[in-house]
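> One file: entry-v8.csv (CSV, C-alpha atoms).
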```csv
chain,number,residue,atom,x,y,z
A,1,MET,CA,-45.7,-59.5,-77.0
A,2,SER,CA,-43.0,-57.7,-78.9
A,3,LYS,CA,-39.5,-56.3,-78.3
A,4,VAL,CA,-37.7,-53.0,-78.5
A,5,ALA,CA,-35.2,-53.5,-81.3
A,6,ALA,CA,-31.7,-54.2,-80.1
A,7,GLU,CA,-30.4,-51.2,-82.0
A,8,HIS,CA,-32.8,-48.8,-80.3
A,9,LYS,CA,-30.6,-47.3,-77.5
A,10,THR,CA,-32.1,-43.9,-77.1
A,11,TYR,CA,-35.4,-42.8,-75.6
A,12,ASP,CA,-36.6,-41.4,-79.0
A,13,GLU,CA,-35.7,-44.5,-80.9
A,14,ALA,CA,-37.4,-46.8,-78.3
A,15,LYS,CA,-40.5,-44.6,-78.1
A,16,ALA,CA,-40.8,-44.5,-81.9
A,17,GLY,CA,-40.3,-48.2,-82.1
A,18,ILE,CA,-43.1,-48.9,-79.6
A,19,ASP,CA,-45.5,-46.6,-81.4
A,20,GLU,CA,-44.5,-48.1,-84.8
A,21,THR,CA,-45.1,-51.7,-83.5
A,22,LEU,CA,-48.6,-50.8,-82.3
A,23,ARG,CA,-49.4,-49.1,-85.6
A,24,LYS,CA,-48.2,-52.0,-87.7
A,25,MET,CA,-50.1,-54.5,-85.6
A,26,GLY,CA,-53.2,-52.3,-85.6
A,27,LEU,CA,-53.4,-52.4,-81.8
A,28,ASP,CA,-54.1,-49.9,-79.0
A,29,TYR,CA,-51.9,-51.8,-76.6
A,30,LEU,CA,-49.6,-54.9,-76.2
A,31,ASP,CA,-49.7,-57.4,-73.4
A,32,MET,CA,-45.9,-57.2,-73.0
A,33,MET,CA,-42.9,-55.5,-74.5
A,34,ILE,CA,-39.3,-56.2,-73.6
A,35,ILE,CA,-35.8,-54.8,-74.4
A,36,HIS,CA,-34.5,-57.4,-76.9
A,37,SER,CA,-30.8,-57.3,-76.2
A,38,PRO,CA,-28.4,-55.2,-74.1
A,39,GLN,CA,-26.3,-54.6,-77.2
A,40,PRO,CA,-27.1,-53.9,-80.9
A,41,TRP,CA,-26.8,-57.1,-82.9
A,42,ALA,CA,-23.7,-55.9,-84.8
A,43,GLU,CA,-21.9,-55.8,-81.5
A,44,ALA,CA,-23.5,-58.7,-79.6
A,45,ASN,CA,-20.8,-60.7,-77.7
A,46,GLN,CA,-18.1,-58.8,-79.4
A,47,SER,CA,-17.9,-55.7,-77.2
A,48,GLU,CA,-17.7,-54.9,-73.5
A,49,ASN,CA,-20.1,-52.1,-74.0
A,50,ARG,CA,-23.4,-53.1,-72.5
A,51,TYR,CA,-25.1,-49.8,-73.4
A,52,LYS,CA,-26.2,-49.2,-69.8
A,53,GLU,CA,-27.3,-45.6,-70.5
A,54,GLY,CA,-29.0,-46.5,-73.8
A,55,ASN,CA,-30.9,-49.4,-72.1
A,56,ARG,CA,-32.0,-47.0,-69.3
A,57,GLN,CA,-33.4,-44.7,-71.9
A,58,ALA,CA,-35.2,-47.5,-73.7
A,59,TRP,CA,-36.6,-48.6,-70.3
A,60,ARG,CA,-37.8,-45.0,-69.7
A,61,ALA,CA,-39.7,-45.2,-73.0
A,62,LEU,CA,-41.2,-48.6,-71.9
A,63,GLU,CA,-42.3,-47.1,-68.5
A,64,GLU,CA,-43.9,-44.2,-70.2
A,65,ALA,CA,-45.8,-46.4,-72.7
A,66,TYR,CA,-46.9,-48.6,-69.7
A,67,ASN,CA,-48.1,-45.6,-67.8
A,68,GLU,CA,-50.0,-44.4,-70.9
A,69,GLY,CA,-51.8,-47.8,-71.2
A,70,LYS,CA,-50.0,-48.8,-74.4
A,71,LEU,CA,-48.3,-51.8,-72.7
A,72,LYS,CA,-49.7,-54.0,-69.9
A,73,ALA,CA,-46.3,-55.4,-68.8
A,74,ILE,CA,-42.6,-54.5,-69.5
A,75,GLY,CA,-39.4,-56.4,-69.2
```
Would you write out, as structure tokens, the structure that this file holds?


Amino acid sequence: MSKVAAEHKTYDEAKAGIDETLRKMGLDYLDMMIIHSPQPWAEANQSENRYKEGNRQAWRALEEAYNEGKLKAIG
């Protein structure tokens, strides 16, 4: 299992993060990957911004990786 970095709030950042995690771990797929935090760590619990659109984009990258067989479960 791994997590999309809290700072990755665009589709491109999340997609690159997923691929980088797989590369670094030397794996073709992960059993599970989740969005780590609704906010970047620098803003956690200090901002009303919950990055709804950014988290939707990260979720789209997770769905794509799931459909490609890179992830077996997402959350």

> Just want the 10 Å neighbourhood of A:Leu71, counted on all atoms listed in the file, with same-chain residues fewer than 5 positions away dropped. Output as a compact mmCIF listing (two decimals) with C-alpha atoms, in the frame of the given file.


```
# COMPACT_ATOMS: atom_id res chain seq x y z
CA MET A 1 -45.70 -59.50 -77.00
CA ILE A 18 -43.10 -48.90 -79.60
CA LEU A 22 -48.60 -50.80 -82.30
CA ASP A 28 -54.10 -49.90 -79.00
CA TYR A 29 -51.90 -51.80 -76.60
CA LEU A 30 -49.60 -54.90 -76.20
CA ASP A 31 -49.70 -57.40 -73.40
CA MET A 32 -45.90 -57.20 -73.00
CA MET A 33 -42.90 -55.50 -74.50
CA LEU A 62 -41.20 -48.60 -71.90
CA GLU A 63 -42.30 -47.10 -68.50
CA GLU A 64 -43.90 -44.20 -70.20
CA ALA A 65 -45.80 -46.40 -72.70
CA TYR A 66 -46.90 -48.60 -69.70
```

> Show which residues sit within 10 Å of stretch 40-45 of chain A, as a PyMOL selection string. Count only C-alpha atoms, and ignore same-chain residues fewer than 5 positions away.

chain A and resi 5-9+50-51

> Those selected residues, please, written with C-alpha atoms and delivered as a JSON list (two decimals), in the frame of the given file.


```json
[["chain", "number", "residue", "atom", "x", "y", "z"],
["A", 5, "ALA", "CA", -35.20, -53.50, -81.30],
["A", 6, "ALA", "CA", -31.70, -54.20, -80.10],
["A", 7, "GLU", "CA", -30.40, -51.20, -82.00],
["A", 8, "HIS", "CA", -32.80, -48.80, -80.30],
["A", 9, "LYS", "CA", -30.60, -47.30, -77.50],
["A", 50, "ARG", "CA", -23.40, -53.10, -72.50],
["A", 51, "TYR", "CA", -25.10, -49.80, -73.40]]
```

> If you measure from atom CA of A:Leu27 to atom CA of A:Lys72, what distance in Å do you get, rounded to one decimal?

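Spanning atom CA of A:Leu27 to atom CA of A:Lys72 is a straight-line distance of 12.6 Å.
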
> Measuring between all atoms listed in the file, which one of A:Ser47, A:Ile74, A:Arg60, A:Glu68 shows the shortest distance to A:Tyr11?

A:Arg60

> Quick one, how far is atom CA of A:Thr10 from atom CA of A:Gly69?

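It comes out at 20.9 Å.
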
> Near A:Gly17, within 7 Å and counting all atoms listed in the file, which residues show up once chain neighbours fewer than 4 positions away are dropped, as a PyMOL selection string?

chain A and resi 4+13+21

> Keeping only C-alpha atoms, take the residues you just selected and write them out as a CSV table (one decimal), in the coordinates of the input.


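Dumped to again.csv:
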```csv
chain,number,residue,atom,x,y,z
A,4,VAL,CA,-37.7,-53.0,-78.5
A,13,GLU,CA,-35.7,-44.5,-80.9
A,21,THR,CA,-45.1,-51.7,-83.5
```

> Go through A:Lys3, A:Gly75, A:Lys52, A:Asp12 one by one, measure the shortest atom-to-atom distance of each to A:Pro38 using all atoms listed in the file, and give the residue with the smallest value.

A:Lys52

> I need the residue nearest A:Ala14 from this list: A:Gln39, A:Ser2, A:Gln46, A:Ala61. Use all atoms listed in the file for the distance.

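Ranked by minimum distance to A:Ala14, first place goes to A:Ala61.
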
> So the first atom is atom CA of A:Lys15 and the second is atom CA of A:Lys70; what is the distance between them in Å, to one decimal place?

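Computed distance, atom CA of A:Lys15 to atom CA of A:Lys70, equals 11.0 Å.
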
> Smallest atom-to-atom distance to A:Ala73: which of A:Ser37, A:Trp59, A:Glu20, A:Gly26, using only C-alpha atoms?

A:Trp59
